[in-house]
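What's in my_file_26.txt: compact mmCIF, N, CA and C atoms
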```txt
# COMPACT_ATOMS: atom_id res chain seq x y z
N MET A 1 45.08 115.33 148.78
CA MET A 1 46.17 114.87 147.94
C MET A 1 45.95 113.44 147.47
N ALA A 2 45.38 112.60 148.35
CA ALA A 2 45.15 111.20 148.00
C ALA A 2 44.15 111.09 146.86
N LYS A 3 43.11 111.92 146.89
CA LYS A 3 42.10 111.87 145.81
C LYS A 3 42.68 112.36 144.49
N LEU A 4 43.51 113.37 144.54
CA LEU A 4 44.15 113.87 143.32
C LEU A 4 45.09 112.80 142.75
N THR A 5 45.84 112.15 143.61
CA THR A 5 46.74 111.08 143.16
C THR A 5 45.95 109.94 142.54
N ALA A 6 44.84 109.56 143.18
CA ALA A 6 43.99 108.48 142.65
C ALA A 6 43.43 108.89 141.29
N PHE A 7 43.01 110.14 141.14
CA PHE A 7 42.48 110.62 139.86
C PHE A 7 43.54 110.57 138.78
N VAL A 8 44.74 111.05 139.07
CA VAL A 8 45.83 111.05 138.08
C VAL A 8 46.21 109.62 137.69
N CYS A 9 46.29 108.73 138.68
CA CYS A 9 46.61 107.32 138.38
C CYS A 9 45.52 106.68 137.53
N GLY A 10 44.27 106.94 137.85
CA GLY A 10 43.16 106.43 137.04
C GLY A 10 43.17 106.98 135.63
N LEU A 11 43.48 108.25 135.51
CA LEU A 11 43.56 108.88 134.18
C LEU A 11 44.69 108.26 133.36
N LEU A 12 45.85 108.06 133.97
CA LEU A 12 46.96 107.42 133.27
C LEU A 12 46.63 105.99 132.87
N PHE A 13 45.96 105.26 133.77
CA PHE A 13 45.56 103.90 133.46
C PHE A 13 44.60 103.88 132.27
N GLY A 14 43.59 104.73 132.32
CA GLY A 14 42.61 104.79 131.24
C GLY A 14 43.25 105.16 129.90
N LEU A 15 44.14 106.13 129.92
CA LEU A 15 44.84 106.50 128.68
C LEU A 15 45.71 105.36 128.17
N GLY A 16 46.38 104.68 129.08
CA GLY A 16 47.21 103.54 128.69
C GLY A 16 46.39 102.42 128.08
N VAL A 17 45.23 102.14 128.68
CA VAL A 17 44.33 101.11 128.16
C VAL A 17 43.86 101.47 126.75
N LEU A 18 43.49 102.72 126.56
CA LEU A 18 43.02 103.16 125.25
C LEU A 18 44.14 103.13 124.21
N LEU A 19 45.31 103.65 124.57
CA LEU A 19 46.43 103.67 123.63
C LEU A 19 46.93 102.28 123.28
N ALA A 20 46.86 101.34 124.22
CA ALA A 20 47.33 99.98 123.99
C ALA A 20 46.34 99.15 123.19
N GLY A 21 45.13 99.64 123.02
CA GLY A 21 44.13 98.90 122.28
C GLY A 21 43.36 97.89 123.11
N MET A 22 43.54 97.92 124.43
CA MET A 22 42.86 96.94 125.28
C MET A 22 41.37 97.24 125.45
N ALA A 23 40.93 98.40 124.99
CA ALA A 23 39.51 98.74 125.06
C ALA A 23 38.79 98.38 123.76
N ASP A 24 39.51 97.78 122.82
CA ASP A 24 38.93 97.36 121.55
C ASP A 24 38.67 95.86 121.60
N PRO A 25 37.40 95.46 121.76
CA PRO A 25 37.11 94.03 121.88
C PRO A 25 37.65 93.19 120.71
N ALA A 26 37.66 93.74 119.50
CA ALA A 26 38.18 92.98 118.35
C ALA A 26 39.67 92.66 118.54
N LYS A 27 40.41 93.61 119.07
CA LYS A 27 41.84 93.40 119.30
C LYS A 27 42.06 92.36 120.42
N VAL A 28 41.26 92.46 121.46
CA VAL A 28 41.37 91.51 122.56
C VAL A 28 41.01 90.10 122.09
N LEU A 29 39.93 89.98 121.33
CA LEU A 29 39.53 88.66 120.82
C LEU A 29 40.57 88.10 119.86
N ALA A 30 41.23 88.97 119.08
CA ALA A 30 42.30 88.51 118.20
C ALA A 30 43.49 88.00 119.02
N PHE A 31 43.73 88.60 120.17
CA PHE A 31 44.79 88.12 121.05
C PHE A 31 44.44 86.74 121.62
N LEU A 32 43.17 86.53 121.92
CA LEU A 32 42.73 85.26 122.50
C LEU A 32 42.56 84.15 121.46
N ASP A 33 42.59 84.50 120.19
CA ASP A 33 42.39 83.53 119.10
C ASP A 33 43.71 82.86 118.74
N LEU A 34 44.16 81.95 119.59
CA LEU A 34 45.45 81.30 119.39
C LEU A 34 45.47 80.40 118.16
N ALA A 35 44.34 79.83 117.78
CA ALA A 35 44.29 78.90 116.66
C ALA A 35 44.02 79.60 115.34
N GLY A 36 43.70 80.88 115.37
CA GLY A 36 43.36 81.60 114.15
C GLY A 36 44.36 82.69 113.83
N ASP A 37 43.85 83.88 113.63
CA ASP A 37 44.69 85.03 113.28
C ASP A 37 45.13 85.74 114.57
N TRP A 38 46.10 85.12 115.24
CA TRP A 38 46.53 85.59 116.57
C TRP A 38 47.26 86.92 116.48
N ASP A 39 46.91 87.85 117.37
CA ASP A 39 47.56 89.16 117.47
C ASP A 39 48.30 89.21 118.81
N PRO A 40 49.65 89.08 118.81
CA PRO A 40 50.40 89.02 120.06
C PRO A 40 50.66 90.37 120.72
N SER A 41 50.17 91.47 120.15
CA SER A 41 50.53 92.79 120.66
C SER A 41 50.10 93.01 122.12
N LEU A 42 48.98 92.43 122.53
CA LEU A 42 48.55 92.63 123.91
C LEU A 42 49.46 91.89 124.89
N ALA A 43 50.11 90.81 124.43
CA ALA A 43 51.08 90.13 125.29
C ALA A 43 52.24 91.07 125.60
N LEU A 44 52.63 91.86 124.62
CA LEU A 44 53.69 92.85 124.85
C LEU A 44 53.24 93.93 125.81
N VAL A 45 51.97 94.33 125.70
CA VAL A 45 51.42 95.32 126.63
C VAL A 45 51.44 94.76 128.05
N MET A 46 51.00 93.50 128.20
CA MET A 46 50.99 92.88 129.52
C MET A 46 52.40 92.72 130.08
N ALA A 47 53.34 92.31 129.24
CA ALA A 47 54.73 92.17 129.69
C ALA A 47 55.29 93.52 130.12
N GLY A 48 54.97 94.57 129.37
CA GLY A 48 55.41 95.92 129.75
C GLY A 48 54.80 96.36 131.07
N ALA A 49 53.53 96.04 131.27
CA ALA A 49 52.86 96.41 132.53
C ALA A 49 53.48 95.67 133.71
N ILE A 50 53.76 94.39 133.53
CA ILE A 50 54.39 93.62 134.60
C ILE A 50 55.77 94.18 134.89
N GLY A 51 56.52 94.48 133.84
CA GLY A 51 57.86 95.05 134.03
C GLY A 51 57.83 96.39 134.73
N ALA A 52 56.86 97.24 134.35
CA ALA A 52 56.76 98.56 134.97
C ALA A 52 56.32 98.48 136.42
N ALA A 53 55.55 97.44 136.78
CA ALA A 53 55.04 97.32 138.15
C ALA A 53 55.97 96.56 139.08
N ALA A 54 56.93 95.82 138.52
CA ALA A 54 57.77 94.95 139.35
C ALA A 54 58.56 95.71 140.40
N LEU A 55 59.26 96.76 140.02
CA LEU A 55 60.07 97.51 140.97
C LEU A 55 59.22 98.23 142.02
N PRO A 56 58.18 98.98 141.63
CA PRO A 56 57.36 99.62 142.67
C PRO A 56 56.71 98.61 143.63
N LEU A 57 56.28 97.46 143.11
CA LEU A 57 55.68 96.45 143.98
C LEU A 57 56.72 95.91 144.96
N ASN A 58 57.92 95.68 144.48
CA ASN A 58 59.00 95.19 145.33
C ASN A 58 59.29 96.21 146.43
N LEU A 59 59.35 97.48 146.08
CA LEU A 59 59.60 98.52 147.07
C LEU A 59 58.43 98.64 148.05
N ALA A 60 57.21 98.51 147.55
CA ALA A 60 56.03 98.63 148.42
C ALA A 60 55.98 97.53 149.46
N GLN A 61 56.45 96.33 149.12
CA GLN A 61 56.43 95.23 150.07
C GLN A 61 57.37 95.47 151.25
N ARG A 62 58.31 96.36 151.09
CA ARG A 62 59.29 96.64 152.16
C ARG A 62 58.87 97.82 153.03
N ARG A 63 57.77 98.44 152.70
CA ARG A 63 57.35 99.63 153.44
C ARG A 63 56.13 99.34 154.30
N ALA A 64 56.01 100.07 155.39
CA ALA A 64 54.83 99.95 156.25
C ALA A 64 53.77 100.99 155.86
N ARG A 65 54.24 102.09 155.25
CA ARG A 65 53.32 103.16 154.85
C ARG A 65 53.56 103.54 153.40
N SER A 66 52.48 104.00 152.73
CA SER A 66 52.60 104.44 151.34
C SER A 66 53.29 105.80 151.29
N LEU A 67 53.60 106.26 150.11
CA LEU A 67 54.24 107.57 149.96
C LEU A 67 53.35 108.70 150.43
N LEU A 68 52.03 108.48 150.41
CA LEU A 68 51.10 109.50 150.89
C LEU A 68 50.74 109.31 152.36
N GLY A 69 51.35 108.32 153.02
CA GLY A 69 51.15 108.13 154.46
C GLY A 69 50.12 107.08 154.86
N GLY A 70 49.42 106.50 153.91
CA GLY A 70 48.43 105.47 154.24
C GLY A 70 49.11 104.15 154.56
N THR A 71 48.38 103.28 155.24
CA THR A 71 48.95 101.97 155.55
C THR A 71 48.99 101.11 154.30
N MET A 72 50.05 100.32 154.18
CA MET A 72 50.18 99.42 153.04
C MET A 72 49.29 98.21 153.27
N GLN A 73 48.54 97.84 152.29
CA GLN A 73 47.65 96.69 152.38
C GLN A 73 48.04 95.70 151.29
N MET A 74 49.07 94.93 151.56
CA MET A 74 49.56 93.95 150.60
C MET A 74 48.90 92.60 150.87
N PRO A 75 48.64 91.82 149.82
CA PRO A 75 48.05 90.50 150.04
C PRO A 75 48.99 89.61 150.84
N THR A 76 48.41 88.79 151.70
CA THR A 76 49.22 87.90 152.52
C THR A 76 49.03 86.43 152.14
N ARG A 77 47.89 86.09 151.55
CA ARG A 77 47.65 84.69 151.18
C ARG A 77 48.43 84.34 149.93
N ARG A 78 48.95 83.13 149.90
CA ARG A 78 49.71 82.64 148.75
C ARG A 78 49.15 81.33 148.21
N ASP A 79 48.12 80.80 148.87
CA ASP A 79 47.59 79.50 148.48
C ASP A 79 46.54 79.63 147.38
N LEU A 80 46.36 78.55 146.64
CA LEU A 80 45.31 78.47 145.64
C LEU A 80 44.16 77.67 146.23
N ASP A 81 42.96 78.20 146.13
CA ASP A 81 41.80 77.45 146.59
C ASP A 81 40.75 77.43 145.48
N ALA A 82 39.69 76.68 145.69
CA ALA A 82 38.67 76.51 144.66
C ALA A 82 38.02 77.84 144.29
N ARG A 83 37.83 78.71 145.26
CA ARG A 83 37.19 80.00 144.98
C ARG A 83 38.06 80.85 144.05
N LEU A 84 39.36 80.85 144.28
CA LEU A 84 40.27 81.62 143.42
C LEU A 84 40.28 81.05 142.01
N VAL A 85 40.38 79.74 141.90
CA VAL A 85 40.42 79.10 140.59
C VAL A 85 39.10 79.33 139.85
N LEU A 86 37.96 79.14 140.52
CA LEU A 86 36.66 79.36 139.88
C LEU A 86 36.49 80.82 139.46
N GLY A 87 36.87 81.73 140.33
CA GLY A 87 36.77 83.15 139.99
C GLY A 87 37.65 83.51 138.80
N SER A 88 38.84 82.95 138.74
CA SER A 88 39.74 83.20 137.61
C SER A 88 39.15 82.64 136.32
N LEU A 89 38.56 81.44 136.41
CA LEU A 89 37.93 80.86 135.23
C LEU A 89 36.75 81.70 134.75
N LEU A 90 35.92 82.17 135.68
CA LEU A 90 34.79 83.01 135.31
C LEU A 90 35.26 84.32 134.67
N PHE A 91 36.31 84.90 135.24
CA PHE A 91 36.87 86.13 134.68
C PHE A 91 37.35 85.88 133.26
N GLY A 92 38.10 84.80 133.06
CA GLY A 92 38.64 84.48 131.74
C GLY A 92 37.57 84.20 130.72
N VAL A 93 36.53 83.46 131.11
CA VAL A 93 35.44 83.18 130.19
C VAL A 93 34.71 84.47 129.83
N GLY A 94 34.45 85.30 130.82
CA GLY A 94 33.80 86.59 130.54
C GLY A 94 34.64 87.46 129.63
N TRP A 95 35.94 87.47 129.86
CA TRP A 95 36.86 88.25 129.03
C TRP A 95 36.82 87.73 127.60
N GLY A 96 36.82 86.40 127.46
CA GLY A 96 36.79 85.80 126.13
C GLY A 96 35.49 86.03 125.39
N ILE A 97 34.38 86.01 126.12
CA ILE A 97 33.08 86.23 125.47
C ILE A 97 32.90 87.70 125.08
N ALA A 98 33.21 88.59 126.02
CA ALA A 98 32.97 90.02 125.80
C ALA A 98 34.11 90.70 125.05
N GLY A 99 35.32 90.17 125.18
CA GLY A 99 36.47 90.81 124.56
C GLY A 99 36.94 92.04 125.31
N ILE A 100 36.51 92.15 126.55
CA ILE A 100 36.89 93.31 127.36
C ILE A 100 36.86 92.91 128.83
N CYS A 101 37.71 93.52 129.63
CA CYS A 101 37.72 93.24 131.05
C CYS A 101 37.31 94.52 131.81
N PRO A 102 37.17 94.45 133.14
CA PRO A 102 36.58 95.56 133.88
C PRO A 102 37.25 96.92 133.71
N GLY A 103 38.58 96.98 133.76
CA GLY A 103 39.25 98.28 133.62
C GLY A 103 38.95 98.96 132.29
N PRO A 104 39.21 98.30 131.17
CA PRO A 104 38.87 98.90 129.88
C PRO A 104 37.38 99.18 129.72
N ALA A 105 36.53 98.33 130.29
CA ALA A 105 35.08 98.58 130.20
C ALA A 105 34.72 99.91 130.83
N LEU A 106 35.34 100.20 131.97
CA LEU A 106 35.08 101.49 132.61
C LEU A 106 35.67 102.64 131.80
N ALA A 107 36.82 102.38 131.16
CA ALA A 107 37.46 103.43 130.36
C ALA A 107 36.62 103.82 129.15
N VAL A 108 35.83 102.88 128.61
CA VAL A 108 35.02 103.18 127.42
C VAL A 108 33.54 103.28 127.74
N LEU A 109 33.21 103.35 129.01
CA LEU A 109 31.82 103.37 129.44
C LEU A 109 31.02 104.50 128.80
N LEU A 110 31.62 105.64 128.65
CA LEU A 110 30.90 106.80 128.10
C LEU A 110 31.13 106.97 126.60
N SER A 111 31.48 105.90 125.92
CA SER A 111 31.76 105.97 124.48
C SER A 111 30.50 106.11 123.64
N GLY A 112 29.35 105.84 124.23
CA GLY A 112 28.10 105.92 123.48
C GLY A 112 27.64 104.58 122.95
N HIS A 113 28.43 103.54 123.12
CA HIS A 113 28.04 102.20 122.68
C HIS A 113 27.29 101.50 123.81
N TRP A 114 26.36 100.64 123.45
CA TRP A 114 25.57 99.94 124.46
C TRP A 114 26.33 98.77 125.09
N GLN A 115 27.29 98.20 124.39
CA GLN A 115 27.99 97.02 124.89
C GLN A 115 28.73 97.26 126.20
N PRO A 116 29.49 98.36 126.32
CA PRO A 116 30.15 98.60 127.63
C PRO A 116 29.13 98.82 128.75
N LEU A 117 28.01 99.45 128.44
CA LEU A 117 26.97 99.64 129.46
C LEU A 117 26.43 98.29 129.94
N LEU A 118 26.16 97.39 129.00
CA LEU A 118 25.68 96.06 129.35
C LEU A 118 26.73 95.31 130.15
N PHE A 119 27.98 95.40 129.72
CA PHE A 119 29.07 94.71 130.41
C PHE A 119 29.19 95.20 131.85
N VAL A 120 29.21 96.51 132.04
CA VAL A 120 29.36 97.07 133.39
C VAL A 120 28.14 96.72 134.25
N ALA A 121 26.94 96.74 133.66
CA ALA A 121 25.75 96.35 134.42
C ALA A 121 25.86 94.89 134.86
N ALA A 122 26.30 94.01 133.97
CA ALA A 122 26.47 92.60 134.32
C ALA A 122 27.56 92.44 135.38
N MET A 123 28.64 93.22 135.26
CA MET A 123 29.72 93.16 136.24
C MET A 123 29.21 93.60 137.62
N LEU A 124 28.46 94.67 137.67
CA LEU A 124 27.91 95.14 138.95
C LEU A 124 26.93 94.13 139.52
N ALA A 125 26.11 93.51 138.67
CA ALA A 125 25.18 92.47 139.14
C ALA A 125 25.97 91.31 139.73
N GLY A 126 27.04 90.91 139.07
CA GLY A 126 27.88 89.83 139.59
C GLY A 126 28.49 90.19 140.93
N MET A 127 28.91 91.44 141.08
CA MET A 127 29.49 91.88 142.36
C MET A 127 28.44 91.85 143.46
N LEU A 128 27.21 92.27 143.15
CA LEU A 128 26.13 92.24 144.15
C LEU A 128 25.78 90.80 144.53
N ILE A 129 25.72 89.91 143.54
CA ILE A 129 25.44 88.50 143.83
C ILE A 129 26.54 87.92 144.71
N PHE A 130 27.80 88.23 144.37
CA PHE A 130 28.91 87.73 145.20
C PHE A 130 28.80 88.25 146.62
N ALA A 131 28.52 89.54 146.78
CA ALA A 131 28.42 90.12 148.12
C ALA A 131 27.30 89.45 148.91
N ALA A 132 26.18 89.18 148.27
CA ALA A 132 25.07 88.52 148.96
C ALA A 132 25.44 87.08 149.35
N LEU A 133 26.03 86.36 148.43
CA LEU A 133 26.45 84.97 148.73
C LEU A 133 27.53 84.93 149.79
N GLU A 134 28.46 85.86 149.73
CA GLU A 134 29.54 85.92 150.72
C GLU A 134 28.98 86.24 152.10
N GLY A 135 28.00 87.16 152.16
CA GLY A 135 27.36 87.48 153.42
C GLY A 135 26.64 86.28 154.02
N ARG A 136 25.96 85.50 153.17
CA ARG A 136 25.28 84.28 153.65
C ARG A 136 26.29 83.25 154.10
N ARG A 137 27.41 83.13 153.39
CA ARG A 137 28.43 82.14 153.74
C ARG A 137 29.06 82.44 155.10
N ARG A 138 29.27 83.72 155.37
CA ARG A 138 29.91 84.11 156.63
C ARG A 138 28.95 84.06 157.82
N ALA A 139 27.65 84.14 157.52
CA ALA A 139 26.66 84.16 158.62
C ALA A 139 26.39 82.79 159.21
```
Once more with this new file: its structure as structure tokens, please.
Amino acid sequence: MAKLTAFVCGLLFGLGVLLAGMADPAKVLAFLDLAGDWDPSLALVMAGAIGAAALPLNLAQRRARSLLGGTMQMPTRRDLDARLVLGSLLFGVGWGIAGICPGPALAVLLSGHWQPLLFVAAMLAGMLIFAALEGRRRA
């Protein structure tokens, strides 16, 4: 049941990303172009996503187990550190350069275009580099 639920949630997410235009790098770059021909539509998508997630997140914080019986794994840290700020900056710069972020990149991976393939390859390389550096840091 958990795998079916994960599949349905992923499918809904992917469809939402495609319908909202978040998988179109030109639309994303137009949203990020505050000094030029700014397209605010993605801000509405983000506001809608935050609004839709607010109540379930609030309810999840009060539960010890998920609806499917798994343990709830909510974040506990609330502080800002250099690693979080640097990671956020890297994410934002990558989003601005590529015009796409990880979720939409996966949603359009099989579109036949080379750009999502390159983006996902770079993303996976970054994850491997992080894992290696994190392993060295902890050792």
Could you produce a table of the residues of region 2-29 of chain A lying within 6 Å of region 98-112 of chain A, with the nearest pair of atoms per residue and their separation in Å rounded to one decimal, using only N, CA and C atoms, ordered by chain and increasing residue number, as a Markdown table?
```
| residue | atom | partner | partner_atom | distance |
| --- | --- | --- | --- | --- |
| A:Gly14 | CA | A:Ala107 | CA | 5.4 |
| A:Met22 | C | A:Pro104 | CA | 5.4 |
| A:Ala23 | CA | A:Pro104 | CA | 4.9 |
| A:Asp24 | C | A:Gly99 | C | 5.6 |
| A:Pro25 | CA | A:Gly99 | C | 4.0 |
| A:Ala26 | N | A:Gly99 | CA | 6.0 |
| A:Val28 | C | A:Gly99 | CA | 5.2 |
| A:Leu29 | N | A:Gly99 | CA | 4.8 |
```
**OP:** Within 12 Å of Leu67 (chain A), counting only C-alpha atoms, which residues show up once you throw out same-chain ones fewer than 3 positions away? Write them as JSON, numbers by chain, please.
**Re:** {"A": [1, 2, 5, 56, 59, 60, 63, 64, 70, 71, 72]}
Original post:
Quick one: distance from atom N of Ala20 (chain A) to CA of Asp39 (chain A) in Å, one decimal?
Top reply: 13.9 Å
Test item: axis-aligned box, all listed atoms of region 72-81 of chain A, 5 Å on each side, centre and edges in Å rounded to one decimal, as lines of an AutoDock Vina configuration file:
```
center_x = 45.5
center_y = 88.9
center_z = 149.8
size_x = 19.4
size_y = 32.9
size_z = 18.7
```
Subject >> Residue contacts of Phe31 (chain A) (8 Å, only N, CA and C atoms) excluding same-chain residues fewer than 6 positions away, as a PyMOL selection string >> reply: chain A and resi 25+37-43
Using the selection just defined, write its residues with N, CA and C atoms as a JSON list (two decimals), in the coordinates of the input.
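That gives us selection-v1.json:
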```json
[["chain", "number", "residue", "atom", "x", "y", "z"],
["A", 25, "PRO", "N", 37.40, 95.46, 121.76],
["A", 25, "PRO", "CA", 37.11, 94.03, 121.88],
["A", 25, "PRO", "C", 37.65, 93.19, 120.71],
["A", 37, "ASP", "N", 43.85, 83.88, 113.63],
["A", 37, "ASP", "CA", 44.69, 85.03, 113.28],
["A", 37, "ASP", "C", 45.13, 85.74, 114.57],
["A", 38, "TRP", "N", 46.10, 85.12, 115.24],
["A", 38, "TRP", "CA", 46.53, 85.59, 116.57],
["A", 38, "TRP", "C", 47.26, 86.92, 116.48],
["A", 39, "ASP", "N", 46.91, 87.85, 117.37],
["A", 39, "ASP", "CA", 47.56, 89.16, 117.47],
["A", 39, "ASP", "C", 48.30, 89.21, 118.81],
["A", 40, "PRO", "N", 49.65, 89.08, 118.81],
["A", 40, "PRO", "CA", 50.40, 89.02, 120.06],
["A", 40, "PRO", "C", 50.66, 90.37, 120.72],
["A", 41, "SER", "N", 50.17, 91.47, 120.15],
["A", 41, "SER", "CA", 50.53, 92.79, 120.66],
["A", 41, "SER", "C", 50.10, 93.01, 122.12],
["A", 42, "LEU", "N", 48.98, 92.43, 122.53],
["A", 42, "LEU", "CA", 48.55, 92.63, 123.91],
["A", 42, "LEU", "C", 49.46, 91.89, 124.89],
["A", 43, "ALA", "N", 50.11, 90.81, 124.43],
["A", 43, "ALA", "CA", 51.08, 90.13, 125.29],
["A", 43, "ALA", "C", 52.24, 91.07, 125.60]]
```
Subject >> Atom pair CA of Leu19 (chain A) / CA of Val45 (chain A): separation (Å) >> reply: 10.2 Å
Original post:
What gap, in Å, lies between CA of Met46 (chain A) and atom C of Gly16 (chain A)?
Top reply: 10.7 Å
Original post:
Using only C-alpha atoms, can you list as a PyMOL selection string the residues within 12 Å of (48.7, 90.1, 147.0)?
Top reply: chain A and resi 57-58+60-61+72-79
Subject >> Secondary structure check, alpha helix (DSSP H) residues of region 22-67 of chain A, as a PyMOL selection string >> reply: chain A and resi 25-32+41-61
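Between Val120 (chain A) and the residues A:Lys27, A:Gly94, A:Gly48, A:Leu11, the shortest atom-to-atom distance, using only C-alpha atoms, involves A:Gly94.
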